[in-house]
Amino acid sequence: MDLGITEKVRPLIAQVREMVETDIAPLDAEFHAEVGKHPSGDRFKHTDRQLEILDGLKALARERGLWNFWLTGSDRGYGLSTVEYAYLAEEMGKVGIAAEVFNCSAPDTGNMEVLERYGTQAHKDRWLGRLLAGEIRSSYVMTEPDTASSDAAQLRFEARREGDGWVLNGEKWWISGAGDPRCGLYIVMACSDPDAPKHQRHTMFALDPDTPGIEVLRPMQVFGQDDAPHGHMHLRFTDVRIGADAVVLGEGRGFEVAQGRLGPGRIHHCMRAIGQAEKALSMMCTRGLDREAFGKPLVELGANYDIIANARMEIEMARLLCLKAAWMMDTAGVRAAQPWISKIKVVAPLMAGRVIDEAIQMHGAAGISQEYDLAHMWTHVRTLRFADGPDAVHRRQVARAELRKYADG
């Protein structure tokens, strides 16, 4: 197992890092400061300046050939392995809008995976090309308000066969990206046969967000913030009629599609979380050296040397586990890598949360203010402990894999 930086990806890391630091970071704060300034007052509509920032940075990334790094095993992608992509995703994680600038942001990467690997040619013609070009965004419509959605097999949102098509009814929430007016695709997980075997009850559908009968009820708040203009919306479907051609892969194969989609998406989140931890450690060290209290630099007070040392060691350990999970995906496939993906899905957000929290502490009251990005970073990694499966579910998967070694013996 060689987890070193390859000669192929080494120059890409340098180019991505430079663009993040030089071109993207200076505009990130301005982009978010524009939220709510649209003439309509709608926080989920981009201002002209926001679109100018995004479109300009995307054009620059494409001009430099820094685009669609995430898609592995496809001639539509960049030709990188998951391990190689991990180093790039870490750099993107350091600035909020960076992943989108390189067309490597969630939930679009996972949705493009679905279309690329499971979609029909009609699905690809309709949506995949525009997503790969960064012209539209998308949403993955899975979680339900009245169901413990961490157990996907019990999702109850209804898909009822009617004639040659389907009728969808029910509510979904925490639908990331559904607030973005550029969202041009919903991929929906629905229960098509509640009496079927556990993993054959659900079907995945691809449809337009403006299909009649879909209503956006409200944006969900994350620690009191609506995360505009991206948003995590609460949706209601009332007699939404779609054709049989909306089915992805096949009737009753939704769980299979979901598992294929969520593996790469989970590890991409972890890669970016490690980048956020690196950013927080850098901020912590800079603050500790520059700021004085009681006649000494902050780093010399209390246990700050130990805190910084522990942060560095925890980041390094998490990165190695993330790379091992990525290597397992590259060499053994997503299914065999699932226990490793679950391990890093627990470890990375927990680690990043601890490092960011210590950086906040080093910054004092400023750390929880709008003066720095630390408060937003912390809420993101804390939320990540729910997204794509809560900690408890992933620990359960790790424990079951471990116990099988003994039960099978």
# chains A, B, ... in the order shown; residues from 1 in each chain; ligands from 1

call {"tool": "closest_atom_pairs", "arguments": {"of": "stretch 2-99 of chain A", "to": "stretch 125-136 of chain A", "cutoff": "10 Å", "atoms": "only C-alpha atoms", "output": "tab-separated table"}}
result
residue	atom	partner	partner_atom	distance
A:Asp55	CA	A:Gly134	CA	9.3
A:Lys58	CA	A:Gly134	CA	8.0
A:Ala59	CA	A:Gly134	CA	9.8
A:Arg62	CA	A:Ala133	CA	9.3
A:Trp67	CA	A:Leu132	CA	8.9
A:Asn68	CA	A:Leu132	CA	7.1
A:Leu71	CA	A:Leu132	CA	9.9
A:Arg76	CA	A:Leu132	CA	8.5
A:Gly77	CA	A:Leu132	CA	9.1

call {"tool": "select_by_dssp", "arguments": {"residues": "stretch 66-153 of chain A", "states": "helix (DSSP H, G or I)", "output": "number ranges by chain"}}
result
A: 82-92, 98-101, 108-118, 121-132, 152-153

call {"tool": "select_by_dssp", "arguments": {"residues": "stretch 47-214 of chain A", "states": "strand (DSSP E or B)", "output": "count of residues only"}}
result
38

call {"tool": "residues_around", "arguments": {"residues": "A:Ile341", "least_positions_apart": "5", "cutoff": "7 Å", "atoms": "only C-alpha atoms", "output": "ChimeraX atom specification"}}
result
/A:263,267,325

call {"tool": "atom_distance", "arguments": {"atom1": "atom CA of A:Val35", "atom2": "atom CA of A:Ser139"}}
result
20.2 Å

call {"tool": "residues_around", "arguments": {"residues": "A:Met351", "least_positions_apart": "2", "cutoff": "8 Å", "atoms": "only C-alpha atoms", "output": "number ranges by chain"}}
result
A: 277, 314-315, 318, 347-349, 353-355

call {"tool": "closest_residue", "arguments": {"among": "A:Gln259, A:Ser282, A:Gln50, A:Thr379", "to": "A:Ala29", "atoms": "only C-alpha atoms"}}
result
A:Gln50

call {"tool": "closest_residue", "arguments": {"among": "A:Asp108, A:Arg291, A:Arg43, A:Leu281", "to": "A:Glu316", "atoms": "only C-alpha atoms"}}
result
A:Leu281

call {"tool": "residues_around", "arguments": {"residues": "A:Arg400", "least_positions_apart": "6", "cutoff": "10 Å", "atoms": "only C-alpha atoms", "output": "list of chain:residue names"}}
result
A:Pro339, A:His394, A:Ala407

call {"tool": "closest_residue", "arguments": {"among": "A:Cys104, A:Ala311, A:Met92, A:Ala190", "to": "A:Gln15", "atoms": "only C-alpha atoms"}}
result
A:Met92

call {"tool": "atom_distance", "arguments": {"atom1": "atom CA of A:Arg236", "atom2": "atom CA of A:Met189"}}
result
13.7 Å

call {"tool": "residues_around", "arguments": {"residues": "A:His199", "least_positions_apart": "2", "cutoff": "10 Å", "atoms": "only C-alpha atoms", "output": "PyMOL selection string"}}
result
chain A and resi 152-154+196-197+201-202+252-256
